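Report on the following structure.
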Amino acid sequence: MILLLGVAALDLRAGEGWPGFRGQDRQGVGASAEAPLRWSANEHVRWKTPIPGRGHSSPVVSGDLVFVTTAYESSRDRQLLGYARGLRVTLCMLVLASAVLLPRTKTSWQDALAAAALAAFVLLGVTDEQLFQFGRSAARRWLGAALTVQVGLIVSAYGLPSASRLRHIVALAVAAVGVGALVGVPDGLHQTRAIAAAVLGIVAAAAASAVLLARGLFAGAAPGKVTGIRFGAPAWVLTAWRGAVLAGAALGFVTATVLAPRSGWAYAVAAVDRDSGAVRWIREGLTAPRATVHRANSPATPTAVIDDARIVAYFGTPGLMAVSPSGRLLWTNRNVPFQSMYGVGASPVLAAGAVLVSSFTRAGPYLAAVDAATGRERWRTARADVHPEFGDSRTPLLMTIQGRPTVIVWGIHELAGHDAATGRLLWHYAHGANQRMGSMVTSILGDGDRLFLPLENGMIALSAARLAAGSDPVVWASRGGSSALTTPVLYEGRVYAVSAGGIATCTAATTGVVLWRARLSGQYYSSPVAVAGRVYFTDETGKTTVVAAAPAFEVLAENDIGEAVVATLAPVDGSFYIRGQHHLFRVGP
């Protein structure tokens, strides 16, 4: 789909801009002398424009346009999945409603087990995606689908006599599905509660199949006693019951293992007029199966990057795409995979006419350079190690060290510098920082010779020249500057950071001395930005706390945009461009 509401020539180099993740070279610092201090959902908002689809990427600004990336299901696949899920829920509700018409078993414990199995079957059918999030990984989908089939088979065995051949077939099928599920899990078993619950359920279902064979569970049904009223239950009632249960279980399995993974997502770049807020165009460039992402992530999280003639967007495994200022698709590259159940987060950067992508697959992490003009790969090399299951979402840093453009990537155990032109490893350093999975998101800060590594429990400052020379690079280690999901901002000689839970700190960049520490309300995914002598911290509810960029903590204003915000703000020409959950805002003049 291409939506063209206006096409105009554009010089992407004209005027002040915000060309990439956190302003690319400015590292989160705006150039304007002015910036909005106060706003709300109804005040000082110049325009508010809905953006279709889902995305956490930050706005990038150049010329008279603002660009954001987004992703959404194709209408055909969305309808097909909707029909399948609707039919499955209908079958589950039909099975639940007709349960009162079925004959009771001879003992109360059998009735209790039958009720538990029926409840599990309906719960899996109605709330599997929302409650268990089976779609987050291939392993979850497979195990959830297997558990659905097992529970369905057990429920379908209601009313079968102990010696029934069909009963034995059902029991053996339950056991076979359990063995097959545990042996054939794709992508390995990740240690998460949902996976553990699914495995436990599969084992329990296999144990129930043994009971089906040995004790006669659900067998010996009474002629039909419900709340003291006897009635006859024709054979066709139980036959219809079993058919509905098995159809619901089969539909759940097919939906989870075939329809959902193959359902198509469209990945696109949207351009919005800076002055009016009107959507100029939306350009789809890539389609791919449904992305596997964490519930706090999105299928379009990496921020696009702008060079002189194009906008380049990265979506992980779906690929890279380049779009002209008028919305024309210039090229795509689908050979930049990313494999993690948490989804991609690292943004691309530009270096010497190439787009650099830091990524991770089961075969290992890599750094790749793609020609910005043609989309062809220039080079690819192994990069610093990352978390073996979750990868990382750190955006690489481009710095000139000893006259050489160097790409710096930060791994779980080491820091590495690569030649920006060739990808050749120039140096590496074992930083020794103990990092948990949650800290594999924040990116490096750089200023002159100084590198800053924000950790969950503090910050390390390193000398870039000493890194390149192979000597001890540590300048200082501080308890200030701690971060996990956001990247701090270096402004006027001080580092401003906020933790995921809202602990903000100000640290002297030269010494590591903590100048102040304060608690802000909320959860933070959006990185702070600095402009016009202030620092702006935005939490996930959309509230921005404005503090003075000073050695003493001073709150200047608190502003609520009225919509959830995960993306980092873009300060340009005295205004803020804010990407919310559903809208793009311009705040200020």
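Chain labels A, B, ... are given in the sequence in which chains occur in the structure tokens; within each chain residues are numbered consecutively from 1, and ligands are likewise numbered from 1 in the order shown.
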Residue contacts of Leu123 (chain A) (10 Å, only C-alpha atoms) excluding same-chain residues fewer than 6 positions away, as a PDB file with N, CA, C and O atoms, in the first residue's frame:
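Output contents, as saved in result-v6.pdb:
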ATOM      1  N   VAL A  89     -12.734 -19.727  19.263  1.00  0.00           N
ATOM      2  CA  VAL A  89     -13.418 -19.251  20.468  1.00  0.00           C
ATOM      3  C   VAL A  89     -14.872 -19.714  20.470  1.00  0.00           C
ATOM      4  O   VAL A  89     -15.419 -20.113  21.506  1.00  0.00           O
ATOM      5  N   CYS A  92     -14.972 -23.285  21.504  1.00  0.00           N
ATOM      6  CA  CYS A  92     -14.715 -23.423  22.938  1.00  0.00           C
ATOM      7  C   CYS A  92     -15.950 -23.039  23.750  1.00  0.00           C
ATOM      8  O   CYS A  92     -16.294 -23.715  24.730  1.00  0.00           O
ATOM      9  N   ALA A 117      -9.989 -30.131  33.296  1.00  0.00           N
ATOM     10  CA  ALA A 117      -9.538 -30.277  31.910  1.00  0.00           C
ATOM     11  C   ALA A 117     -10.349 -29.390  30.980  1.00  0.00           C
ATOM     12  O   ALA A 117      -9.798 -28.753  30.067  1.00  0.00           O
ATOM     13  N   LEU A 131      -2.629 -14.206  27.609  1.00  0.00           N
ATOM     14  CA  LEU A 131      -2.175 -14.667  28.916  1.00  0.00           C
ATOM     15  C   LEU A 131      -0.819 -15.357  28.852  1.00  0.00           C
ATOM     16  O   LEU A 131       0.076 -15.079  29.644  1.00  0.00           O
ATOM     17  N   THR A 148      -2.266 -27.541  23.776  1.00  0.00           N
ATOM     18  CA  THR A 148      -3.661 -27.403  23.358  1.00  0.00           C
ATOM     19  C   THR A 148      -4.218 -28.723  22.830  1.00  0.00           C
ATOM     20  O   THR A 148      -5.339 -29.129  23.158  1.00  0.00           O
TER      21      THR A 148
END
Q: Find the residues near Ala550 (chain A): any atom within 10 Å, counting only C-alpha atoms, skip ones fewer than 3 places away on the same chain, and give them as an MDAnalysis selection string.
A: chainID A and resid 491:494 506 515:516 533:535 547 553:554
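Between CA of Met459 (chain A) and CA of Pro365 (chain A) lies a distance of 24.2 Å.
Across the model, the gap from CA of Val409 (chain A) to CA of Thr332 (chain A) is 24.5 Å.
DSSP annotation of region 378-584 of chain A from backbone atoms: helix (DSSP H, G or I) residues are Met437, Gly438, Ser439, Ala464, Ala465, Arg466, Leu467, Ala468 and Ala469 of chain A.
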Store the residues picked out above, limited to N, CA, C and O atoms, as a PDB file, in the first residue's frame.
ATOM      1  N   MET A 437      20.806  -9.541  31.666  1.00  0.00           N
ATOM      2  CA  MET A 437      20.112  -9.432  30.386  1.00  0.00           C
ATOM      3  C   MET A 437      19.478  -8.063  30.204  1.00  0.00           C
ATOM      4  O   MET A 437      19.487  -7.489  29.134  1.00  0.00           O
ATOM      5  N   GLY A 438      18.921  -7.493  31.291  1.00  0.00           N
ATOM      6  CA  GLY A 438      18.227  -6.220  31.184  1.00  0.00           C
ATOM      7  C   GLY A 438      19.107  -5.051  30.825  1.00  0.00           C
ATOM      8  O   GLY A 438      18.626  -3.993  30.451  1.00  0.00           O
ATOM      9  N   SER A 439      20.441  -5.215  30.963  1.00  0.00           N
ATOM     10  CA  SER A 439      21.341  -4.104  30.670  1.00  0.00           C
ATOM     11  C   SER A 439      21.861  -4.130  29.241  1.00  0.00           C
ATOM     12  O   SER A 439      22.727  -3.336  28.884  1.00  0.00           O
ATOM     13  N   ALA A 464      39.557   6.443  24.788  1.00  0.00           N
ATOM     14  CA  ALA A 464      39.564   5.812  23.470  1.00  0.00           C
ATOM     15  C   ALA A 464      40.982   5.615  22.959  1.00  0.00           C
ATOM     16  O   ALA A 464      41.301   4.588  22.346  1.00  0.00           O
ATOM     17  N   ALA A 465      41.861   6.586  23.202  1.00  0.00           N
ATOM     18  CA  ALA A 465      43.242   6.467  22.732  1.00  0.00           C
ATOM     19  C   ALA A 465      43.948   5.295  23.413  1.00  0.00           C
ATOM     20  O   ALA A 465      44.692   4.542  22.775  1.00  0.00           O
ATOM     21  N   ARG A 466      43.703   5.122  24.696  1.00  0.00           N
ATOM     22  CA  ARG A 466      44.333   3.999  25.404  1.00  0.00           C
ATOM     23  C   ARG A 466      43.766   2.658  24.937  1.00  0.00           C
ATOM     24  O   ARG A 466      44.476   1.649  24.902  1.00  0.00           O
ATOM     25  N   LEU A 467      42.471   2.643  24.594  1.00  0.00           N
ATOM     26  CA  LEU A 467      41.888   1.418  24.038  1.00  0.00           C
ATOM     27  C   LEU A 467      42.616   1.023  22.760  1.00  0.00           C
ATOM     28  O   LEU A 467      42.966  -0.150  22.557  1.00  0.00           O
ATOM     29  N   ALA A 468      42.821   2.008  21.874  1.00  0.00           N
ATOM     30  CA  ALA A 468      43.484   1.722  20.600  1.00  0.00           C
ATOM     31  C   ALA A 468      44.942   1.316  20.805  1.00  0.00           C
ATOM     32  O   ALA A 468      45.487   0.524  20.029  1.00  0.00           O
ATOM     33  N   ALA A 469      45.574   1.837  21.874  1.00  0.00           N
ATOM     34  CA  ALA A 469      46.982   1.535  22.136  1.00  0.00           C
ATOM     35  C   ALA A 469      47.171   0.228  22.889  1.00  0.00           C
ATOM     36  O   ALA A 469      48.299  -0.266  23.018  1.00  0.00           O
TER      37      ALA A 469
END
Q) Can you list, as a VMD selection string, every protein, DNA or RNA residue that comes within 8 Å of Trp47 (chain A) when you count only C-alpha atoms, leaving out same-chain residues fewer than 5 positions away? A) chain A and resid 276 to 277 585 to 587
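Going from CA of Arg78 (chain A) to CA of Ser263 (chain A) covers 7.5 Å.
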Q.
I'd like the neighbourhood of Asn333 (chain A) as a PyMOL selection string, where a residue qualifies if any of its atoms comes within 12 Å (using only C-alpha atoms), though same-chain residues fewer than 6 positions away should be ignored.
A. chain A and resi 285-287+312-322+355+357+368-377
Q | Given only C-alpha atoms as the counted atoms, nearest of A:Ser58, A:Ser471, A:Thr487, A:Gln27 to Val566 (chain A) | A | A:Ser58
Skipping near chain neighbours, those fewer than 3 positions away, what residues fall within 9 Å of region 246-255 of chain A using only C-alpha atoms, listed as an mmCIF file with N, CA, C and O atoms, in the first residue's frame?
data_model
loop_
_atom_site.group_PDB
_atom_site.id
_atom_site.type_symbol
_atom_site.label_atom_id
_atom_site.label_comp_id
_atom_site.auth_asym_id
_atom_site.auth_seq_id
_atom_site.Cartn_x
_atom_site.Cartn_y
_atom_site.Cartn_z
ATOM 1 N N LEU A 81 -6.552 -14.786 10.093
ATOM 2 C CA LEU A 81 -6.302 -15.113 11.493
ATOM 3 C C LEU A 81 -7.515 -14.790 12.356
ATOM 4 O O LEU A 81 -7.853 -15.535 13.279
ATOM 5 N N ALA A 84 -10.052 -17.565 11.958
ATOM 6 C CA ALA A 84 -9.627 -18.790 12.638
ATOM 7 C C ALA A 84 -9.780 -18.658 14.153
ATOM 8 O O ALA A 84 -10.281 -19.568 14.819
ATOM 9 N N ARG A 85 -9.373 -17.520 14.693
ATOM 10 C CA ARG A 85 -9.486 -17.332 16.141
ATOM 11 C C ARG A 85 -10.943 -17.215 16.570
ATOM 12 O O ARG A 85 -11.334 -17.727 17.620
ATOM 13 N N LEU A 87 -13.536 -18.613 15.104
ATOM 14 C CA LEU A 87 -14.120 -19.954 15.051
ATOM 15 C C LEU A 87 -13.668 -20.794 16.237
ATOM 16 O O LEU A 87 -14.472 -21.536 16.827
ATOM 17 N N ARG A 88 -12.404 -20.660 16.612
ATOM 18 C CA ARG A 88 -11.901 -21.438 17.746
ATOM 19 C C ARG A 88 -12.589 -21.023 19.048
ATOM 20 O O ARG A 88 -12.992 -21.866 19.849
ATOM 21 N N VAL A 89 -12.734 -19.727 19.263
ATOM 22 C CA VAL A 89 -13.418 -19.251 20.468
ATOM 23 C C VAL A 89 -14.872 -19.714 20.470
ATOM 24 O O VAL A 89 -15.419 -20.113 21.506
ATOM 25 N N THR A 90 -15.510 -19.678 19.295
ATOM 26 C CA THR A 90 -16.902 -20.140 19.202
ATOM 27 C C THR A 90 -17.022 -21.609 19.583
ATOM 28 O O THR A 90 -17.926 -22.011 20.328
ATOM 29 N N LEU A 91 -16.104 -22.425 19.077
ATOM 30 C CA LEU A 91 -16.112 -23.843 19.422
ATOM 31 C C LEU A 91 -15.889 -24.048 20.923
ATOM 32 O O LEU A 91 -16.551 -24.889 21.550
ATOM 33 N N CYS A 92 -14.972 -23.285 21.504
ATOM 34 C CA CYS A 92 -14.715 -23.423 22.938
ATOM 35 C C CYS A 92 -15.950 -23.039 23.750
ATOM 36 O O CYS A 92 -16.294 -23.715 24.730
ATOM 37 N N PHE A 121 -8.965 -26.284 28.671
ATOM 38 C CA PHE A 121 -9.209 -26.247 27.227
ATOM 39 C C PHE A 121 -9.785 -24.894 26.805
ATOM 40 O O PHE A 121 -9.334 -24.288 25.829
ATOM 41 N N LEU A 124 -7.124 -22.021 27.218
ATOM 42 C CA LEU A 124 -6.158 -22.019 26.125
ATOM 43 C C LEU A 124 -6.763 -21.454 24.847
ATOM 44 O O LEU A 124 -6.096 -20.776 24.074
ATOM 45 N N GLY A 125 -8.043 -21.755 24.630
ATOM 46 C CA GLY A 125 -8.684 -21.281 23.409
ATOM 47 C C GLY A 125 -9.001 -19.809 23.407
ATOM 48 O O GLY A 125 -8.933 -19.148 22.375
ATOM 49 N N ARG A 141 5.355 -21.112 20.723
ATOM 50 C CA ARG A 141 4.263 -21.493 19.817
ATOM 51 C C ARG A 141 4.116 -23.009 19.758
ATOM 52 O O ARG A 141 3.009 -23.544 19.820
ATOM 53 N N TRP A 142 5.223 -23.704 19.610
ATOM 54 C CA TRP A 142 5.201 -25.155 19.458
ATOM 55 C C TRP A 142 4.680 -25.830 20.718
ATOM 56 O O TRP A 142 3.809 -26.694 20.659
ATOM 57 N N GLY A 144 2.930 -24.481 23.194
ATOM 58 C CA GLY A 144 1.540 -24.095 23.440
ATOM 59 C C GLY A 144 0.583 -24.859 22.557
ATOM 60 O O GLY A 144 -0.496 -25.289 23.004
ATOM 61 N N ALA A 145 0.963 -25.045 21.292
ATOM 62 C CA ALA A 145 0.109 -25.797 20.373
ATOM 63 C C ALA A 145 -0.001 -27.267 20.799
ATOM 64 O O ALA A 145 -1.078 -27.861 20.752
ATOM 65 N N ALA A 146 1.131 -27.845 21.225
ATOM 66 C CA ALA A 146 1.108 -29.236 21.681
ATOM 67 C C ALA A 146 0.249 -29.403 22.928
ATOM 68 O O ALA A 146 -0.530 -30.356 23.050
ATOM 69 N N LEU A 147 0.355 -28.448 23.852
ATOM 70 C CA LEU A 147 -0.449 -28.509 25.070
ATOM 71 C C LEU A 147 -1.936 -28.393 24.740
ATOM 72 O O LEU A 147 -2.778 -29.086 25.337
ATOM 73 N N THR A 148 -2.266 -27.541 23.776
ATOM 74 C CA THR A 148 -3.661 -27.403 23.358
ATOM 75 C C THR A 148 -4.218 -28.723 22.830
ATOM 76 O O THR A 148 -5.339 -29.129 23.158
ATOM 77 N N VAL A 149 -3.439 -29.419 22.002
ATOM 78 C CA VAL A 149 -3.884 -30.699 21.451
ATOM 79 C C VAL A 149 -4.040 -31.739 22.554
ATOM 80 O O VAL A 149 -5.019 -32.498 22.590
ATOM 81 N N GLN A 150 -3.078 -31.792 23.475
ATOM 82 C CA GLN A 150 -3.161 -32.778 24.559
ATOM 83 C C GLN A 150 -4.411 -32.570 25.413
ATOM 84 O O GLN A 150 -5.135 -33.520 25.711
ATOM 85 N N VAL A 151 -4.647 -31.326 25.827
ATOM 86 C CA VAL A 151 -5.821 -31.045 26.658
ATOM 87 C C VAL A 151 -7.098 -31.369 25.891
ATOM 88 O O VAL A 151 -8.054 -31.936 26.433
ATOM 89 N N GLY A 152 -7.126 -31.036 24.606
ATOM 90 C CA GLY A 152 -8.301 -31.343 23.791
ATOM 91 C C GLY A 152 -8.559 -32.832 23.704
ATOM 92 O O GLY A 152 -9.710 -33.290 23.794
ATOM 93 N N LEU A 153 -7.501 -33.627 23.532
ATOM 94 C CA LEU A 153 -7.659 -35.082 23.472
ATOM 95 C C LEU A 153 -8.200 -35.635 24.783
ATOM 96 O O LEU A 153 -9.075 -36.512 24.795
ATOM 97 N N VAL A 155 -10.008 -34.041 27.068
ATOM 98 C CA VAL A 155 -11.416 -33.664 27.217
ATOM 99 C C VAL A 155 -12.298 -34.506 26.305
ATOM 100 O O VAL A 155 -13.408 -34.908 26.674
ATOM 101 N N SER A 156 -11.813 -34.815 25.118
ATOM 102 C CA SER A 156 -12.621 -35.603 24.177
ATOM 103 C C SER A 156 -12.849 -37.034 24.656
ATOM 104 O O SER A 156 -13.742 -37.724 24.162
ATOM 105 N N TRP A 241 -20.006 -33.620 20.894
ATOM 106 C CA TRP A 241 -19.098 -33.039 21.883
ATOM 107 C C TRP A 241 -17.640 -33.305 21.507
ATOM 108 O O TRP A 241 -16.819 -32.398 21.448
ATOM 109 N N ARG A 242 -17.338 -34.583 21.222
ATOM 110 C CA ARG A 242 -15.969 -34.924 20.865
ATOM 111 C C ARG A 242 -15.529 -34.243 19.582
ATOM 112 O O ARG A 242 -14.395 -33.789 19.459
ATOM 113 N N GLY A 243 -16.425 -34.148 18.623
ATOM 114 C CA GLY A 243 -16.078 -33.489 17.372
ATOM 115 C C GLY A 243 -15.741 -32.022 17.560
ATOM 116 O O GLY A 243 -14.769 -31.502 16.990
ATOM 117 N N VAL A 258 1.046 -22.713 12.044
ATOM 118 C CA VAL A 258 1.033 -22.453 10.606
ATOM 119 C C VAL A 258 0.557 -21.039 10.277
ATOM 120 O O VAL A 258 1.284 -20.248 9.672
ATOM 121 N N LEU A 259 -0.656 -20.699 10.698
ATOM 122 C CA LEU A 259 -1.234 -19.424 10.288
ATOM 123 C C LEU A 259 -0.521 -18.229 10.904
ATOM 124 O O LEU A 259 -0.161 -17.279 10.202
ATOM 125 N N ALA A 260 -0.322 -18.255 12.232
ATOM 126 C CA ALA A 260 0.293 -17.106 12.895
ATOM 127 C C ALA A 260 1.733 -16.862 12.443
ATOM 128 O O ALA A 260 2.088 -15.724 12.108
ATOM 129 N N PRO A 261 2.611 -17.888 12.400
ATOM 130 C CA PRO A 261 3.979 -17.615 11.956
ATOM 131 C C PRO A 261 4.075 -17.145 10.510
ATOM 132 O O PRO A 261 4.990 -16.399 10.163
#
**Q.** Using only C-alpha atoms: which of A:Ala567, A:Ala352, A:Leu102, A:Ala363 has the shortest distance to Pro405 (chain A)
**A.** A:Ala352
Q) Which of region 488-519 of chain A counts as strand (DSSP E) under DSSP, as a PyMOL selection string please? A) chain A and resi 489-491+494-498+503-508+514-519
Residues of the last selection are to be written out with all heavy atoms, as a short mmCIF file (atom, residue, chain, number, x, y, z; two decimals), in the first residue's frame.
data_model
loop_
_atom_site.label_atom_id
_atom_site.label_comp_id
_atom_site.auth_asym_id
_atom_site.auth_seq_id
_atom_site.Cartn_x
_atom_site.Cartn_y
_atom_site.Cartn_z
N VAL A 489 22.53 11.01 28.44
CA VAL A 489 22.91 12.11 27.57
C VAL A 489 24.05 12.87 28.22
O VAL A 489 24.04 13.12 29.43
CB VAL A 489 21.70 13.04 27.27
CG1 VAL A 489 21.13 13.65 28.54
CG2 VAL A 489 22.09 14.13 26.28
N LEU A 490 25.08 13.20 27.43
CA LEU A 490 26.22 13.96 27.90
C LEU A 490 26.02 15.41 27.46
O LEU A 490 25.93 15.71 26.27
CB LEU A 490 27.50 13.40 27.30
CG LEU A 490 28.80 14.15 27.59
CD1 LEU A 490 29.09 14.18 29.08
CD2 LEU A 490 29.96 13.51 26.83
N TYR A 491 25.96 16.32 28.44
CA TYR A 491 25.61 17.71 28.14
C TYR A 491 26.34 18.66 29.08
O TYR A 491 26.25 18.51 30.30
CB TYR A 491 24.10 17.88 28.29
CG TYR A 491 23.54 19.23 27.84
CD1 TYR A 491 23.81 19.73 26.57
CD2 TYR A 491 22.74 19.97 28.69
CE1 TYR A 491 23.27 20.94 26.16
CE2 TYR A 491 22.20 21.19 28.29
CZ TYR A 491 22.47 21.67 27.02
OH TYR A 491 21.94 22.89 26.61
N ARG A 494 28.41 17.11 31.91
CA ARG A 494 27.75 16.24 32.88
C ARG A 494 26.95 15.17 32.15
O ARG A 494 26.40 15.42 31.08
CB ARG A 494 26.85 17.05 33.81
CG ARG A 494 27.59 18.00 34.73
CD ARG A 494 26.64 18.84 35.56
NE ARG A 494 25.94 19.83 34.77
CZ ARG A 494 26.39 21.06 34.51
NH1 ARG A 494 27.58 21.44 34.99
NH2 ARG A 494 25.70 21.91 33.79
N VAL A 495 26.90 13.98 32.76
CA VAL A 495 26.14 12.86 32.20
C VAL A 495 24.84 12.73 32.97
O VAL A 495 24.84 12.56 34.20
CB VAL A 495 26.93 11.54 32.27
CG1 VAL A 495 26.11 10.39 31.69
CG2 VAL A 495 28.26 11.67 31.54
N TYR A 496 23.72 12.80 32.26
CA TYR A 496 22.40 12.68 32.86
C TYR A 496 21.81 11.33 32.45
O TYR A 496 21.74 11.02 31.26
CB TYR A 496 21.48 13.82 32.41
CG TYR A 496 21.99 15.18 32.82
CD1 TYR A 496 22.88 15.89 32.02
CD2 TYR A 496 21.58 15.76 34.02
CE1 TYR A 496 23.35 17.14 32.39
CE2 TYR A 496 22.05 17.02 34.41
CZ TYR A 496 22.93 17.70 33.59
OH TYR A 496 23.40 18.93 33.97
N ALA A 497 21.39 10.55 33.45
CA ALA A 497 20.89 9.20 33.20
C ALA A 497 19.64 8.95 34.02
O ALA A 497 19.40 9.63 35.03
CB ALA A 497 21.96 8.17 33.54
N VAL A 498 18.86 7.95 33.60
CA VAL A 498 17.70 7.52 34.38
C VAL A 498 17.60 6.01 34.26
O VAL A 498 17.78 5.44 33.18
CB VAL A 498 16.41 8.22 33.90
CG1 VAL A 498 16.07 7.84 32.45
CG2 VAL A 498 15.25 7.90 34.83
N ILE A 503 15.19 6.26 38.71
CA ILE A 503 16.22 6.94 39.50
C ILE A 503 17.10 7.73 38.54
O ILE A 503 17.85 7.16 37.74
CB ILE A 503 17.07 5.94 40.30
CG1 ILE A 503 16.19 5.10 41.22
CG2 ILE A 503 18.13 6.69 41.11
CD1 ILE A 503 15.42 5.90 42.24
N ALA A 504 17.01 9.07 38.63
CA ALA A 504 17.79 9.95 37.76
C ALA A 504 19.07 10.37 38.47
O ALA A 504 19.07 10.61 39.68
CB ALA A 504 16.97 11.17 37.37
N THR A 505 20.17 10.45 37.72
CA THR A 505 21.45 10.88 38.29
C THR A 505 22.13 11.86 37.37
O THR A 505 21.93 11.86 36.15
CB THR A 505 22.39 9.68 38.53
OG1 THR A 505 22.59 9.00 37.28
CG2 THR A 505 21.85 8.73 39.56
N CYS A 506 22.95 12.70 37.98
CA CYS A 506 23.81 13.63 37.24
C CYS A 506 25.23 13.38 37.71
O CYS A 506 25.52 13.44 38.92
CB CYS A 506 23.39 15.07 37.52
SG CYS A 506 24.52 16.32 36.86
N THR A 507 26.13 13.06 36.78
CA THR A 507 27.50 12.68 37.09
C THR A 507 28.48 13.57 36.35
O THR A 507 28.29 13.84 35.15
CB THR A 507 27.75 11.21 36.70
OG1 THR A 507 26.76 10.38 37.32
CG2 THR A 507 29.14 10.76 37.12
N ALA A 508 29.51 14.04 37.03
CA ALA A 508 30.55 14.85 36.38
C ALA A 508 31.32 13.99 35.39
O ALA A 508 31.83 12.92 35.74
CB ALA A 508 31.49 15.43 37.42
N VAL A 514 29.21 11.85 41.56
CA VAL A 514 27.76 11.99 41.46
C VAL A 514 27.36 13.34 42.04
O VAL A 514 27.56 13.60 43.24
CB VAL A 514 27.03 10.85 42.20
CG1 VAL A 514 25.52 11.03 42.10
CG2 VAL A 514 27.45 9.50 41.63
N LEU A 515 26.80 14.21 41.20
CA LEU A 515 26.43 15.55 41.62
C LEU A 515 25.04 15.57 42.25
O LEU A 515 24.81 16.32 43.20
CB LEU A 515 26.49 16.51 40.43
CG LEU A 515 27.86 16.59 39.74
CD1 LEU A 515 27.80 17.50 38.53
CD2 LEU A 515 28.92 17.08 40.73
N TRP A 516 24.13 14.78 41.73
CA TRP A 516 22.83 14.63 42.37
C TRP A 516 22.17 13.33 41.93
O TRP A 516 22.50 12.78 40.89
CB TRP A 516 21.90 15.83 42.15
CG TRP A 516 21.61 16.26 40.73
CD1 TRP A 516 22.13 17.33 40.08
CD2 TRP A 516 20.68 15.67 39.81
NE1 TRP A 516 21.62 17.45 38.81
CE2 TRP A 516 20.71 16.44 38.62
CE3 TRP A 516 19.83 14.57 39.86
CZ2 TRP A 516 19.93 16.14 37.50
CZ3 TRP A 516 19.05 14.26 38.75
CH2 TRP A 516 19.10 15.04 37.60
N ARG A 517 21.27 12.87 42.77
CA ARG A 517 20.47 11.68 42.49
C ARG A 517 19.05 11.97 42.96
O ARG A 517 18.85 12.50 44.05
CB ARG A 517 21.04 10.46 43.20
CG ARG A 517 20.23 9.19 42.98
CD ARG A 517 20.82 8.00 43.72
NE ARG A 517 21.98 7.45 43.01
CZ ARG A 517 23.23 7.54 43.41
NH1 ARG A 517 23.49 8.21 44.53
NH2 ARG A 517 24.21 7.01 42.73
N ALA A 518 18.04 11.64 42.13
CA ALA A 518 16.64 11.95 42.49
C ALA A 518 15.74 10.88 41.91
O ALA A 518 16.04 10.27 40.87
CB ALA A 518 16.24 13.32 41.97
N ARG A 519 14.62 10.66 42.57
CA ARG A 519 13.64 9.69 42.08
C ARG A 519 12.58 10.41 41.25
O ARG A 519 11.97 11.38 41.71
CB ARG A 519 12.97 8.94 43.24
CG ARG A 519 11.85 8.00 42.77
CD ARG A 519 11.32 7.15 43.90
NE ARG A 519 12.27 6.12 44.30
CZ ARG A 519 12.43 4.96 43.65
NH1 ARG A 519 11.71 4.70 42.56
NH2 ARG A 519 13.30 4.08 44.07
#
Proximity of region 293-388 of chain A to region 48-56 of chain A: per-residue shortest pair, 6 Å limit, only C-alpha atoms, as a Markdown table:
| residue | atom | partner | partner_atom | distance |
| --- | --- | --- | --- | --- |
| A:Ser298 | CA | A:Gly55 | CA | 5.4 |
| A:Ala300 | CA | A:Gly55 | CA | 4.4 |
| A:Thr301 | CA | A:His56 | CA | 4.5 |
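Using only C-alpha atoms, the shortest contact distance between Val245 (chain A) and any of A:Arg334, A:Gly327, A:Ile169, A:Val122 is found at A:Val122.
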Q: Can you pull out every residue within 6 Å of Ser393 (chain A), counting only C-alpha atoms, but drop anything in the same chain fewer than 3 positions away, and send it as a VMD selection string?
A: chain A and resid 345 to 346 441
Restricted to all heavy atoms, what would the selected residues look like written as a compact mmCIF listing (two decimals), in the first residue's frame?
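The resulting part-v7.txt:
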# COMPACT_ATOMS: atom_id res chain seq x y z
N GLY A 345 16.38 -4.13 18.35
CA GLY A 345 16.28 -2.79 18.92
C GLY A 345 17.38 -1.85 18.47
O GLY A 345 17.21 -0.64 18.47
N ALA A 346 18.55 -2.39 18.09
CA ALA A 346 19.68 -1.55 17.71
C ALA A 346 19.42 -0.82 16.41
O ALA A 346 18.97 -1.41 15.43
CB ALA A 346 20.95 -2.40 17.59
N VAL A 441 20.68 -3.13 26.51
CA VAL A 441 19.92 -2.24 25.65
C VAL A 441 20.59 -0.88 25.52
O VAL A 441 20.72 -0.34 24.43
CB VAL A 441 18.47 -2.07 26.18
CG1 VAL A 441 17.70 -1.06 25.34
CG2 VAL A 441 17.74 -3.41 26.18
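Proximity to Gln79 (chain A) was assessed for A:Val349, A:Ala35, A:Ala112, A:Gly264 counting only C-alpha atoms; the smallest distance is recorded for A:Gly264.
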Q | Spatial neighbours of region 60-67 of chain A, max dist 6 Å, only C-alpha atoms, sep filter under 6 positions, as a PyMOL selection string | A | chain A and resi 12+14+17-20+270-274
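Of the listed residues A:Val474, A:Ala296, A:Val174, A:Val126, the one whose atoms come nearest to Glu540 (chain A) is A:Ala296, with distances taken using only C-alpha atoms.
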